[in-house]
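Dropping my_file_33.csv in here (CSV, C-alpha atoms):
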chain,number,residue,atom,x,y,z
A,18,MET,CA,-1.9,-19.6,-23.5
A,19,SER,CA,0.4,-22.0,-21.7
A,20,SER,CA,3.7,-21.6,-23.7
A,21,TYR,CA,5.6,-18.8,-25.3
A,22,THR,CA,8.6,-18.7,-27.7
A,23,ALA,CA,11.2,-15.9,-28.2
A,24,PHE,CA,8.7,-13.7,-30.1
A,25,GLY,CA,7.4,-12.6,-26.7
A,26,VAL,CA,10.3,-10.3,-26.7
A,27,LYS,CA,10.0,-7.4,-29.1
A,28,ASN,CA,13.7,-6.6,-29.0
A,29,PRO,CA,15.9,-7.6,-26.0
A,30,LYS,CA,18.5,-5.1,-27.1
A,31,VAL,CA,16.2,-2.0,-27.5
A,32,ASN,CA,14.8,0.1,-24.7
A,33,THR,CA,12.3,2.6,-26.1
A,34,PRO,CA,12.7,5.9,-24.1
A,35,VAL,CA,10.0,6.6,-21.7
A,36,PRO,CA,8.1,9.7,-22.9
A,37,GLU,CA,7.4,12.8,-20.8
A,38,THR,CA,3.8,12.6,-19.5
A,39,GLN,CA,1.6,13.3,-16.5
A,40,PHE,CA,-1.6,11.7,-15.1
A,41,GLN,CA,-1.9,9.0,-17.7
A,42,GLU,CA,-3.5,5.6,-17.3
A,43,ALA,CA,-1.1,2.7,-18.1
A,44,THR,CA,-0.9,-1.0,-17.7
A,45,LEU,CA,1.3,-2.8,-15.2
A,46,GLY,CA,2.5,-6.4,-15.4
A,47,ILE,CA,4.5,-8.2,-12.7
A,48,GLN,CA,5.8,-11.7,-13.4
A,49,GLU,CA,7.8,-14.1,-11.4
A,50,HIS,CA,10.3,-15.6,-13.9
A,51,LEU,CA,12.0,-18.8,-13.1
A,52,ALA,CA,14.6,-18.5,-15.9
A,53,ASP,CA,16.9,-21.4,-16.7
A,54,LYS,CA,19.8,-19.0,-17.3
A,55,ALA,CA,19.2,-15.9,-15.2
A,56,GLY,CA,17.6,-17.7,-12.3
A,57,ARG,CA,14.6,-16.6,-10.3
A,58,HIS,CA,13.7,-12.9,-10.6
A,59,PHE,CA,10.7,-10.6,-11.0
A,60,ASP,CA,9.9,-8.8,-14.3
A,61,LEU,CA,8.2,-5.5,-14.0
A,62,ARG,CA,6.5,-4.1,-17.2
A,63,ILE,CA,4.7,-0.8,-17.8
A,64,ALA,CA,2.9,-0.2,-21.1
A,65,LEU,CA,2.2,3.4,-22.1
A,66,PRO,CA,-0.3,3.9,-25.0
A,67,GLN,CA,1.9,6.2,-27.0
A,68,THR,CA,4.9,3.9,-27.2
A,69,GLY,CA,3.1,0.6,-28.0
A,70,VAL,CA,5.7,-1.5,-26.1
A,71,ALA,CA,6.0,-3.0,-22.6
A,72,HIS,CA,8.9,-1.1,-21.0
A,73,SER,CA,10.6,-3.8,-19.0
A,74,TRP,CA,12.8,-4.2,-16.0
A,75,ALA,CA,14.2,-7.3,-14.2
A,76,LEU,CA,14.2,-7.2,-10.4
A,77,PRO,CA,17.1,-9.5,-9.4
A,78,GLN,CA,15.9,-9.5,-5.7
A,79,GLY,CA,12.9,-11.5,-6.8
A,80,ARG,CA,10.2,-9.3,-5.2
A,81,MET,CA,8.6,-5.9,-5.2
A,82,PRO,CA,10.0,-3.6,-2.5
A,83,LEU,CA,8.0,-3.0,0.7
A,84,SER,CA,7.0,0.4,1.9
A,85,GLY,CA,10.1,2.5,2.4
A,86,GLU,CA,12.4,0.0,0.5
A,87,LYS,CA,14.2,0.2,-2.8
A,88,VAL,CA,15.5,-2.6,-5.0
A,89,LEU,CA,17.6,-2.7,-8.1
A,90,ALA,CA,15.8,-2.8,-11.4
A,91,VAL,CA,17.7,-3.6,-14.6
A,92,GLU,CA,16.3,-2.7,-18.1
A,93,SER,CA,15.6,-5.8,-20.0
A,94,GLY,CA,14.5,-4.7,-23.4
A,95,ASP,CA,11.1,-3.9,-25.0
A,96,HIS,CA,8.4,-6.7,-24.9
A,97,ASP,CA,5.3,-7.2,-26.8
A,98,LEU,CA,2.1,-5.9,-25.1
A,99,SER,CA,0.5,-9.3,-25.4
A,100,TYR,CA,3.2,-10.8,-23.3
A,101,MET,CA,2.4,-8.6,-20.2
A,102,GLY,CA,-0.4,-10.9,-19.1
A,103,PHE,CA,1.4,-14.2,-19.8
A,104,SER,CA,1.7,-17.0,-17.4
A,105,GLY,CA,3.2,-20.4,-18.4
A,106,GLN,CA,6.3,-21.9,-19.9
A,107,ILE,CA,8.7,-20.1,-22.2
A,108,GLY,CA,10.3,-22.4,-24.8
A,109,PRO,CA,13.9,-22.5,-26.0
A,110,GLY,CA,15.5,-19.1,-26.6
A,111,TYR,CA,15.6,-15.8,-24.8
A,112,GLY,CA,14.1,-16.1,-21.2
A,113,LYS,CA,13.6,-19.9,-21.3
A,114,GLY,CA,11.8,-21.0,-18.1
A,115,LYS,CA,8.6,-20.8,-16.2
A,116,VAL,CA,6.6,-17.5,-15.7
A,117,ASN,CA,4.0,-16.9,-13.0
A,118,LEU,CA,1.8,-13.9,-13.4
A,119,LYS,CA,1.6,-11.8,-10.2
A,120,ALA,CA,-0.2,-8.7,-11.3
A,121,PHE,CA,-1.8,-7.4,-14.6
A,122,GLU,CA,-3.8,-4.3,-14.0
A,123,LYS,CA,-4.4,-0.6,-14.8
A,124,ILE,CA,-2.3,1.9,-13.0
A,125,GLU,CA,-1.8,5.7,-13.1
A,126,VAL,CA,1.5,7.2,-14.2
A,127,LEU,CA,1.7,10.4,-12.3
A,128,GLU,CA,4.9,11.6,-14.0
A,129,SER,CA,7.3,10.1,-16.4
A,130,ASN,CA,10.4,11.0,-18.5
A,131,PRO,CA,13.3,9.0,-19.8
A,132,ASN,CA,15.0,8.9,-16.4
A,133,LYS,CA,12.1,8.6,-14.0
A,134,ILE,CA,8.6,7.1,-13.7
A,135,THR,CA,6.3,7.8,-10.7
A,136,PHE,CA,3.2,5.7,-10.6
A,137,ALA,CA,0.3,4.7,-8.3
A,138,GLN,CA,-1.2,1.2,-8.1
A,139,TYR,CA,-4.7,1.3,-6.8
A,140,THR,CA,-5.3,-2.0,-5.0
A,141,GLY,CA,-8.9,-2.4,-3.7
A,142,SER,CA,-9.5,0.7,-1.6
A,143,GLY,CA,-5.7,1.1,-0.9
A,144,VAL,CA,-2.8,2.8,-2.7
A,145,ASN,CA,0.7,1.7,-3.5
A,146,ARG,CA,3.1,4.3,-4.7
A,147,TYR,CA,6.3,3.6,-6.6
A,148,SER,CA,9.1,5.5,-8.3
A,149,LEU,CA,11.5,4.1,-10.9
A,150,ILE,CA,14.7,6.2,-11.1
A,151,ARG,CA,17.6,5.7,-13.5
A,152,ILE,CA,20.9,5.6,-11.7
A,153,VAL,CA,23.5,4.5,-14.4
A,154,GLY,CA,23.2,3.0,-17.8
A,155,GLY,CA,20.5,0.3,-17.8
A,156,ASP,CA,20.3,0.2,-14.0
A,157,TRP,CA,17.4,1.8,-12.2
A,158,LEU,CA,16.1,1.8,-8.6
A,159,LEU,CA,12.5,0.9,-7.8
A,160,LEU,CA,11.4,2.7,-4.7
A,161,ASN,CA,8.2,2.0,-2.8
A,162,THR,CA,7.0,5.4,-1.6
A,163,THR,CA,3.7,4.2,-0.1
A,164,ALA,CA,2.8,6.4,2.9
A,165,THR,CA,3.0,4.7,6.3
A,166,LYS,CA,3.1,5.7,9.9
A,167,THR,CA,6.9,5.4,9.8
A,168,THR,CA,7.5,7.3,6.5
A,169,ARG,CA,5.0,10.0,7.3
A,170,PRO,CA,5.1,10.4,11.1
A,171,GLU,CA,3.8,14.0,10.9
A,172,ILE,CA,0.3,12.8,9.8
A,173,PRO,CA,-1.9,12.5,12.9
A,174,GLN,CA,-3.9,9.3,13.5
A,175,PHE,CA,-6.6,10.9,15.6
A,176,LYS,CA,-9.4,13.4,15.5
A,177,ARG,CA,-9.9,16.2,18.2
A,178,SER,CA,-13.3,16.1,19.9
A,179,TYR,CA,-15.2,19.3,20.1
A,180,THR,CA,-17.4,20.2,23.1
A,181,GLU,CA,-21.0,20.7,22.1
A,182,ILE,CA,-22.7,23.8,23.5
A,183,SER,CA,-26.4,24.7,23.8
A,184,GLU,CA,-28.2,27.3,21.8
A,185,SER,CA,-28.4,29.7,24.8
A,186,ASP,CA,-24.6,29.4,25.3
A,187,LEU,CA,-24.1,30.2,21.6
A,188,THR,CA,-26.5,33.2,21.7
A,189,SER,CA,-24.6,34.6,24.7
A,190,LYS,CA,-21.4,34.5,22.6
A,191,LEU,CA,-22.6,36.2,19.4
A,192,HIS,CA,-21.7,39.7,20.6
A,193,ASP,CA,-18.2,38.7,21.7
A,194,PRO,CA,-15.7,39.9,19.0
A,195,ASN,CA,-13.3,37.0,19.9
A,196,ILE,CA,-16.0,34.4,18.8
A,197,LEU,CA,-16.2,33.4,15.1
A,198,LEU,CA,-18.7,31.1,13.5
A,199,ALA,CA,-18.3,28.8,10.5
A,200,PRO,CA,-20.7,26.3,9.0
A,201,LYS,CA,-20.5,22.7,10.4
A,202,ILE,CA,-20.2,20.4,7.4
A,203,ASP,CA,-21.3,16.8,7.7
A,204,GLY,CA,-18.5,15.3,5.7
A,205,ALA,CA,-15.4,13.2,6.4
A,206,HIS,CA,-12.6,14.6,8.5
A,207,THR,CA,-9.4,14.4,6.4
A,208,VAL,CA,-5.7,15.3,7.0
A,209,ILE,CA,-3.9,17.2,4.2
A,210,GLY,CA,-0.1,16.9,4.1
A,211,LEU,CA,2.2,19.3,2.3
A,212,ARG,CA,5.8,18.7,1.5
A,213,PRO,CA,8.2,20.9,-0.6
A,214,GLU,CA,7.7,20.4,-4.3
A,215,ARG,CA,5.7,17.3,-3.7
A,216,ARG,CA,2.1,16.7,-4.7
A,217,ILE,CA,-0.7,17.4,-2.1
A,218,ASP,CA,-1.5,14.4,0.0
A,219,ALA,CA,-4.8,13.6,1.7
A,220,PHE,CA,-5.2,10.9,4.4
A,221,SER,CA,-7.8,9.6,6.7
A,222,TYR,CA,-7.1,10.3,10.4
A,223,ARG,CA,-8.2,6.8,11.2
A,224,PRO,CA,-5.4,4.2,11.6
A,225,SER,CA,-5.6,1.4,9.1
A,226,LYS,CA,-6.6,-2.1,10.4
A,227,LYS,CA,-4.7,-3.8,7.6
A,228,GLY,CA,-1.2,-2.7,8.3
A,229,PRO,CA,1.2,0.3,8.8
A,230,GLU,CA,0.0,2.0,5.6
A,231,LEU,CA,-2.0,5.2,5.9
A,232,ILE,CA,-5.5,5.3,4.5
A,233,ASP,CA,-4.7,7.3,1.4
A,234,HIS,CA,-7.4,9.4,-0.3
A,235,SER,CA,-4.9,11.6,-2.2
A,236,PHE,CA,-5.8,10.4,-5.7
A,237,LYS,CA,-9.6,10.6,-5.4
A,238,THR,CA,-9.7,14.4,-5.8
A,239,ASP,CA,-7.9,16.7,-8.2
A,240,LEU,CA,-5.7,18.1,-5.3
A,241,TYR,CA,-2.9,15.6,-6.1
A,242,LYS,CA,-2.3,17.4,-9.4
A,243,TYR,CA,-0.9,20.3,-7.6
A,244,LYS,CA,2.5,20.6,-5.9
A,245,SER,CA,3.3,22.5,-2.7
A,246,PRO,CA,5.9,25.3,-2.9
A,247,PRO,CA,9.3,24.9,-1.1
A,248,SER,CA,8.4,27.9,1.2
A,249,LEU,CA,5.8,25.9,3.1
A,250,GLY,CA,8.1,23.1,4.1
A,251,LYS,CA,6.2,20.3,5.9
A,252,THR,CA,2.7,21.6,6.7
A,253,VAL,CA,-0.2,19.6,8.0
A,254,LEU,CA,-3.8,20.8,7.7
A,255,ARG,CA,-7.1,19.4,8.8
A,256,ALA,CA,-10.0,19.6,6.4
A,257,GLU,CA,-13.6,18.3,5.8
A,258,PHE,CA,-14.1,16.4,2.6
A,259,PHE,CA,-17.6,16.3,1.2
A,260,GLY,CA,-19.3,15.4,-2.1
A,261,ILE,CA,-21.1,18.2,-4.0
A,262,ASP,CA,-24.4,17.0,-5.6
A,263,PRO,CA,-24.1,17.7,-9.4
A,264,ILE,CA,-27.8,19.0,-9.5
A,265,THR,CA,-28.4,20.8,-6.2
A,266,LYS,CA,-24.8,22.0,-5.8
A,267,LYS,CA,-25.1,21.2,-2.1
A,268,PRO,CA,-23.2,18.7,0.0
A,269,VAL,CA,-24.4,15.1,-0.3
A,270,GLN,CA,-25.2,13.0,2.8
A,271,SER,CA,-22.2,11.9,4.8
A,272,ALA,CA,-22.8,8.3,4.0
A,273,VAL,CA,-22.4,9.1,0.3
A,274,THR,CA,-19.2,11.0,0.9
A,275,GLY,CA,-18.0,8.0,2.9
A,276,GLY,CA,-18.7,5.7,0.0
A,277,LEU,CA,-16.8,8.0,-2.4
A,278,LEU,CA,-13.7,8.0,-0.1
A,279,ASN,CA,-13.8,4.3,0.8
A,280,SER,CA,-14.1,3.0,-2.7
A,281,GLY,CA,-11.1,2.2,-4.8
A,282,THR,CA,-9.6,5.2,-6.6
A,283,PHE,CA,-10.8,4.4,-10.1
A,284,ARG,CA,-14.2,3.4,-8.8
A,285,SER,CA,-14.4,6.6,-6.7
A,286,ARG,CA,-13.7,8.8,-9.7
A,287,GLU,CA,-16.4,7.0,-11.7
A,288,LEU,CA,-19.0,7.4,-8.9
A,289,GLN,CA,-18.2,11.1,-8.5
A,290,LYS,CA,-19.5,11.7,-12.0
A,291,SER,CA,-23.0,10.8,-10.9
A,292,GLN,CA,-23.0,11.2,-7.1
A,293,GLY,CA,-21.0,14.3,-6.6
A,294,ARG,CA,-17.4,15.6,-7.0
A,295,LEU,CA,-15.4,15.6,-3.8
A,296,SER,CA,-14.6,19.0,-2.5
A,297,HIS,CA,-12.9,20.2,0.7
A,298,LEU,CA,-12.8,23.0,3.3
A,299,ILE,CA,-9.7,23.4,5.5
A,300,TYR,CA,-10.4,24.7,9.0
A,301,ASP,CA,-7.4,23.9,11.2
A,302,ILE,CA,-3.6,23.5,11.1
A,303,ASP,CA,-1.4,21.2,13.1
A,304,ILE,CA,2.1,21.8,11.6
A,305,TYR,CA,3.4,24.8,9.8
A,306,LYS,CA,6.8,24.7,8.1
A,307,GLY,CA,7.8,21.7,10.3
A,308,LYS,CA,6.7,23.3,13.6
A,309,ASP,CA,3.9,22.1,15.8
A,310,VAL,CA,1.3,24.8,15.9
A,311,SER,CA,-1.7,22.6,17.1
A,312,GLN,CA,-1.9,24.4,20.5
A,313,LEU,CA,-1.7,27.9,19.2
A,314,PRO,CA,-4.8,30.2,19.7
A,315,TYR,CA,-7.1,30.2,16.7
A,316,SER,CA,-6.2,33.9,16.0
A,317,LEU,CA,-2.7,32.8,15.0
A,318,LYS,CA,-3.9,29.6,13.3
A,319,LEU,CA,-6.2,31.7,11.1
A,320,GLU,CA,-3.2,33.9,10.1
A,321,LEU,CA,-1.3,30.7,9.1
A,322,LEU,CA,-4.2,29.4,7.1
A,323,GLU,CA,-4.3,32.6,5.2
A,324,ARG,CA,-0.6,32.4,4.4
A,325,VAL,CA,-1.1,28.8,3.1
A,326,LYS,CA,-4.0,30.0,1.0
A,327,GLN,CA,-1.9,32.8,-0.5
A,328,GLN,CA,0.7,30.3,-1.7
A,329,MET,CA,-1.7,27.5,-2.6
A,330,PRO,CA,-4.9,29.0,-4.1
A,331,GLU,CA,-6.1,25.5,-4.9
A,332,LEU,CA,-6.8,24.9,-1.2
A,333,GLN,CA,-10.2,26.2,0.1
A,334,ILE,CA,-10.0,27.4,3.7
A,335,VAL,CA,-12.9,28.3,6.0
A,336,GLN,CA,-14.0,31.9,6.0
A,337,PRO,CA,-15.6,32.4,9.4
A,338,ALA,CA,-18.3,35.0,10.2
A,339,ARG,CA,-16.8,37.7,12.4
A,340,SER,CA,-19.2,40.5,13.1
A,341,TYR,CA,-22.4,40.1,15.1
A,342,ILE,CA,-24.5,40.6,12.0
A,343,GLU,CA,-22.5,38.1,10.0
A,344,LYS,CA,-22.7,35.5,12.8
A,345,SER,CA,-26.5,36.1,13.2
A,346,ASN,CA,-27.1,35.8,9.5
A,347,LEU,CA,-25.1,32.6,9.3
A,348,LEU,CA,-26.9,31.0,12.2
A,349,ASP,CA,-30.3,32.0,10.7
A,350,GLU,CA,-29.4,30.5,7.3
A,351,VAL,CA,-28.3,27.3,8.9
A,352,LYS,CA,-31.3,27.0,11.2
A,353,SER,CA,-33.7,27.7,8.3
A,354,GLY,CA,-32.0,25.2,6.0
A,355,LYS,CA,-31.0,27.9,3.5
A,356,HIS,CA,-27.3,27.7,3.9
A,357,PRO,CA,-25.7,26.1,0.8
A,358,LEU,CA,-23.2,23.9,2.8
A,359,THR,CA,-25.0,22.7,5.8
A,360,HIS,CA,-28.2,22.5,7.9
A,361,GLU,CA,-26.4,20.6,10.7
A,362,GLY,CA,-25.0,23.4,12.8
A,363,VAL,CA,-22.0,25.7,13.3
A,364,VAL,CA,-18.5,25.5,14.6
A,365,VAL,CA,-17.6,28.1,17.2
A,366,TYR,CA,-14.1,29.4,17.2
A,367,ASP,CA,-12.7,31.3,20.2
A,368,LEU,CA,-9.7,33.4,19.0
A,369,ASN,CA,-8.0,32.9,22.3
A,370,LYS,CA,-8.3,29.1,22.3
A,371,SER,CA,-6.8,26.3,20.1
A,372,THR,CA,-9.8,23.9,20.0
A,373,PRO,CA,-13.3,25.1,18.8
A,374,GLU,CA,-16.7,24.1,20.1
A,375,LYS,CA,-19.8,23.1,18.1
A,376,TYR,CA,-23.5,23.8,18.1
A,377,LYS,CA,-25.7,21.2,16.4
A,378,ILE,CA,-29.2,22.0,15.4
A,379,THR,CA,-31.5,19.2,16.6
A,380,LYS,CA,-35.1,18.7,15.6
A,381,ASP,CA,-37.8,17.0,17.7
A,382,ILE,CA,-39.5,14.1,15.9
A,383,ASP,CA,-42.5,12.3,17.4
A,384,VAL,CA,-42.2,8.6,17.0
A,385,TYR,CA,-45.1,6.2,17.8
A,386,PHE,CA,-44.4,2.6,18.9
A,387,HIS,CA,-47.0,0.0,17.8
A,388,SER,CA,-45.4,-3.1,19.3
A,389,PRO,CA,-43.1,-4.2,22.1
A,390,PHE,CA,-39.4,-4.8,21.4
A,391,THR,CA,-38.9,-8.2,19.9
A,392,PRO,CA,-35.4,-9.8,20.4
A,393,LEU,CA,-33.9,-11.8,17.5
A,394,LYS,CA,-32.5,-14.7,19.4
A,395,GLY,CA,-31.1,-17.5,17.3
A,396,SER,CA,-31.9,-15.7,14.0
A,397,ARG,CA,-29.6,-15.0,11.1
A,398,LEU,CA,-30.1,-11.3,11.7
A,399,GLU,CA,-28.7,-11.7,15.3
A,400,GLN,CA,-25.6,-13.3,13.8
A,401,MET,CA,-25.2,-10.2,11.7
A,402,GLY,CA,-25.3,-8.0,14.7
A,403,ALA,CA,-29.0,-7.0,15.0
A,404,ALA,CA,-30.5,-7.1,18.5
A,405,GLY,CA,-34.2,-7.0,17.7
A,406,GLY,CA,-36.9,-4.7,16.5
A,407,PHE,CA,-40.3,-3.1,16.8
A,408,TYR,CA,-43.0,-1.4,14.7
A,409,ALA,CA,-43.0,2.4,14.8
A,410,SER,CA,-44.2,5.4,12.8
A,411,ARG,CA,-43.7,9.1,12.7
As structure tokens, what does this structure read like?
Amino acid sequence: MSSYTAFGVKNPKVNTPVPETQFQEATLGIQEHLADKAGRHFDLRIALPQTGVAHSWALPQGRMPLSGEKVLAVESGDHDLSYMGFSGQIGPGYGKGKVNLKAFEKIEVLESNPNKITFAQYTGSGVNRYSLIRIVGGDWLLLNTTATKTTRPEIPQFKRSYTEISESDLTSKLHDPNILLAPKIDGAHTVIGLRPERRIDAFSYRPSKKGPELIDHSFKTDLYKYKSPPSLGKTVLRAEFFGIDPITKKPVQSAVTGGLLNSGTFRSRELQKSQGRLSHLIYDIDIYKGKDVSQLPYSLKLELLERVKQQMPELQIVQPARSYIEKSNLLDEVKSGKHPLTHEGVVVYDLNKSTPEKYKITKDIDVYFHSPFTPLKGSRLEQMGAAGGFYASR
């Protein structure tokens, strides 16, 4: 369709109230409108299934706000749903001028009521967060609340490295009451951020290569459906995310977990139906009620984790083995491949230290080489990063 007349507007004088809802898929339309009368502006439209109209706002500033910004949004009357994806020329009448379609896609409305709409736009593997808030009459503010290094400075962009110890070193520590053991899960290191009366956030510790935005995994698990209580203030936790195989009920391979986290949000949710639901285990804490606790001994960190768990039962925290028998049994289970969460190794926590150690179980594999190494000079595989190859068997 290349032209539109005034019937694209359902009623320019009617604004159907936005209903109260949570976690609902909706449709977003963003159009650049070069209107003869009103001048250039953006039109933002959100269609909720239960109202059957495109709730519409004009953005006089002529663009969507950047992360941390807010712009004026003026209610512009209900529009037909069919108009949301329109691009072309509007004929004489209301809105006469040229329309360029900028976005027409599925979004998720996290919360809505007649005075506020909070929604997430899942672009590729990224996330854009917005809030529309009524300020007076037909005027609203559109806020871009996407998490960035500037807006969320408390979220660390690094991962602590753990010293690896030998089996003999580990064995010598088992009788020490200050040494605790926990299963080492081969998942994805993730940072969980809590803010008063806000939804739980989950971010990668890796800095984004695309810009200042944090790599946001928040909406790929059900954790975002829960809010943190005011009593916890700003709290930052470190966790391991991992997929749980729907058949074996054991963690999937780390590459599968990586695929679930690196896919777009809607795609990730679909993949989890067959490949495994994302779960988590929290094992460390960096900030508690706004205070840096990253260097506290683990004895105190464990107390803080228990306090968080008491106030937020939705979060799963590590439950380390404490006694000699518990530690020995855990180690035996892991080494024999019978532990439900891992066969990789254990994490070793010293109650007097802030950073744990790790013990990884390694298995010797005999490999037989049947040819010399052959370089791939000048080949397409070399252009893709391969150095060469050889024939081998186990």
From CA of Arg294 (chain A) to CA of Ala338 (chain A) the spacing works out at 25.9 Å
Write out as a PyMOL selection string which residues come within 6 Å of region 357-369 of chain A when counting only C-alpha atoms, dropping same-chain ones fewer than 4 positions away.
chain A and resi 195-202+267-268+314-316+351+373-378
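Minimum atom-to-atom distance to Leu254 (chain A), evaluated using all atoms listed in the file, belongs to A:Ser311 out of A:Ser142, A:Asn161, A:Gln289, A:Ser311.
Closest approach to Lys308 (chain A) from the set A:Lys290, A:Lys251, A:Arg223, A:Lys355 is made by A:Lys251, with distances taken over only C-alpha atoms.
Compared by their closest atoms to Ile47 (chain A), and using only C-alpha atoms, the residues A:Glu171, A:Asp60, A:Glu230, A:Asp309 rank with A:Asp60 nearest.
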Report task. Counting all atoms listed in the file, note down every residue that has an atom within 7 Å of the point (-0.8, 19.6, -2.9) (file coordinates), as a count of residues only. Result -> 10
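With only C-alpha atoms as the atoms that count, the minimum distance from Lys237 (chain A) to the choices A:Val88, A:Ala219, A:Met329, A:Leu149 is reached by A:Ala219.
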Exercise. Please provide as a PyMOL selection string all residues within 12 Å of Gln67 (chain A), with the sequence filter that same-chain residues fewer than 2 positions apart are discarded (counting all atoms listed in the file).
Key: chain A and resi 33-38+41-43+63-65+69-72
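When only C-alpha atoms are used to compute distances to Thr282 (chain A), the closest of the residues A:Asp186, A:Glu125, A:Asp262, A:Glu214 turns out to be A:Glu125.
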File output for region 324-368 of chain A (C-alpha atoms) as a PDB file, in the first residue's frame:
ATOM      1  CA  ARG A 324      19.832 -12.903  54.053  1.00  0.00           C
ATOM      2  CA  VAL A 325      19.160 -12.289  50.368  1.00  0.00           C
ATOM      3  CA  LYS A 326      17.653 -15.763  50.035  1.00  0.00           C
ATOM      4  CA  GLN A 327      15.344 -15.177  53.000  1.00  0.00           C
ATOM      5  CA  GLN A 328      13.913 -12.068  51.348  1.00  0.00           C
ATOM      6  CA  MET A 329      13.941 -13.408  47.801  1.00  0.00           C
ATOM      7  CA  PRO A 330      13.150 -17.154  47.793  1.00  0.00           C
ATOM      8  CA  GLU A 331      13.059 -17.068  43.976  1.00  0.00           C
ATOM      9  CA  LEU A 332      16.867 -16.894  43.969  1.00  0.00           C
ATOM     10  CA  GLN A 333      18.784 -20.157  44.286  1.00  0.00           C
ATOM     11  CA  ILE A 334      22.043 -19.831  46.226  1.00  0.00           C
ATOM     12  CA  VAL A 335      24.882 -22.323  46.552  1.00  0.00           C
ATOM     13  CA  GLN A 336      24.638 -24.696  49.534  1.00  0.00           C
ATOM     14  CA  PRO A 337      28.231 -25.783  50.168  1.00  0.00           C
ATOM     15  CA  ALA A 338      29.345 -29.008  51.820  1.00  0.00           C
ATOM     16  CA  ARG A 339      30.737 -28.225  55.269  1.00  0.00           C
ATOM     17  CA  SER A 340      31.652 -31.364  57.188  1.00  0.00           C
ATOM     18  CA  TYR A 341      34.395 -33.776  56.189  1.00  0.00           C
ATOM     19  CA  ILE A 342      31.823 -36.433  55.292  1.00  0.00           C
ATOM     20  CA  GLU A 343      29.746 -34.009  53.207  1.00  0.00           C
ATOM     21  CA  LYS A 344      32.841 -32.785  51.366  1.00  0.00           C
ATOM     22  CA  SER A 345      34.102 -36.312  50.717  1.00  0.00           C
ATOM     23  CA  ASN A 346      30.708 -37.470  49.465  1.00  0.00           C
ATOM     24  CA  LEU A 347      30.418 -34.446  47.166  1.00  0.00           C
ATOM     25  CA  LEU A 348      33.861 -35.055  45.731  1.00  0.00           C
ATOM     26  CA  ASP A 349      33.132 -38.762  45.196  1.00  0.00           C
ATOM     27  CA  GLU A 350      29.848 -37.961  43.447  1.00  0.00           C
ATOM     28  CA  VAL A 351      31.505 -35.483  41.124  1.00  0.00           C
ATOM     29  CA  LYS A 352      34.454 -37.764  40.313  1.00  0.00           C
ATOM     30  CA  SER A 353      32.157 -40.724  39.606  1.00  0.00           C
ATOM     31  CA  GLY A 354      29.871 -38.660  37.361  1.00  0.00           C
ATOM     32  CA  LYS A 355      26.879 -39.208  39.655  1.00  0.00           C
ATOM     33  CA  HIS A 356      26.395 -35.609  40.791  1.00  0.00           C
ATOM     34  CA  PRO A 357      23.215 -34.140  39.251  1.00  0.00           C
ATOM     35  CA  LEU A 358      24.802 -30.758  38.465  1.00  0.00           C
ATOM     36  CA  THR A 359      28.372 -31.418  37.373  1.00  0.00           C
ATOM     37  CA  HIS A 360      31.159 -33.844  36.571  1.00  0.00           C
ATOM     38  CA  GLU A 361      33.662 -31.043  35.991  1.00  0.00           C
ATOM     39  CA  GLY A 362      34.975 -30.397  39.497  1.00  0.00           C
ATOM     40  CA  VAL A 363      34.388 -28.429  42.683  1.00  0.00           C
ATOM     41  CA  VAL A 364      34.811 -24.878  43.931  1.00  0.00           C
ATOM     42  CA  VAL A 365      36.844 -24.576  47.123  1.00  0.00           C
ATOM     43  CA  TYR A 366      35.792 -21.811  49.525  1.00  0.00           C
ATOM     44  CA  ASP A 367      38.030 -20.729  52.383  1.00  0.00           C
ATOM     45  CA  LEU A 368      35.892 -18.994  55.019  1.00  0.00           C
TER      46      LEU A 368
END
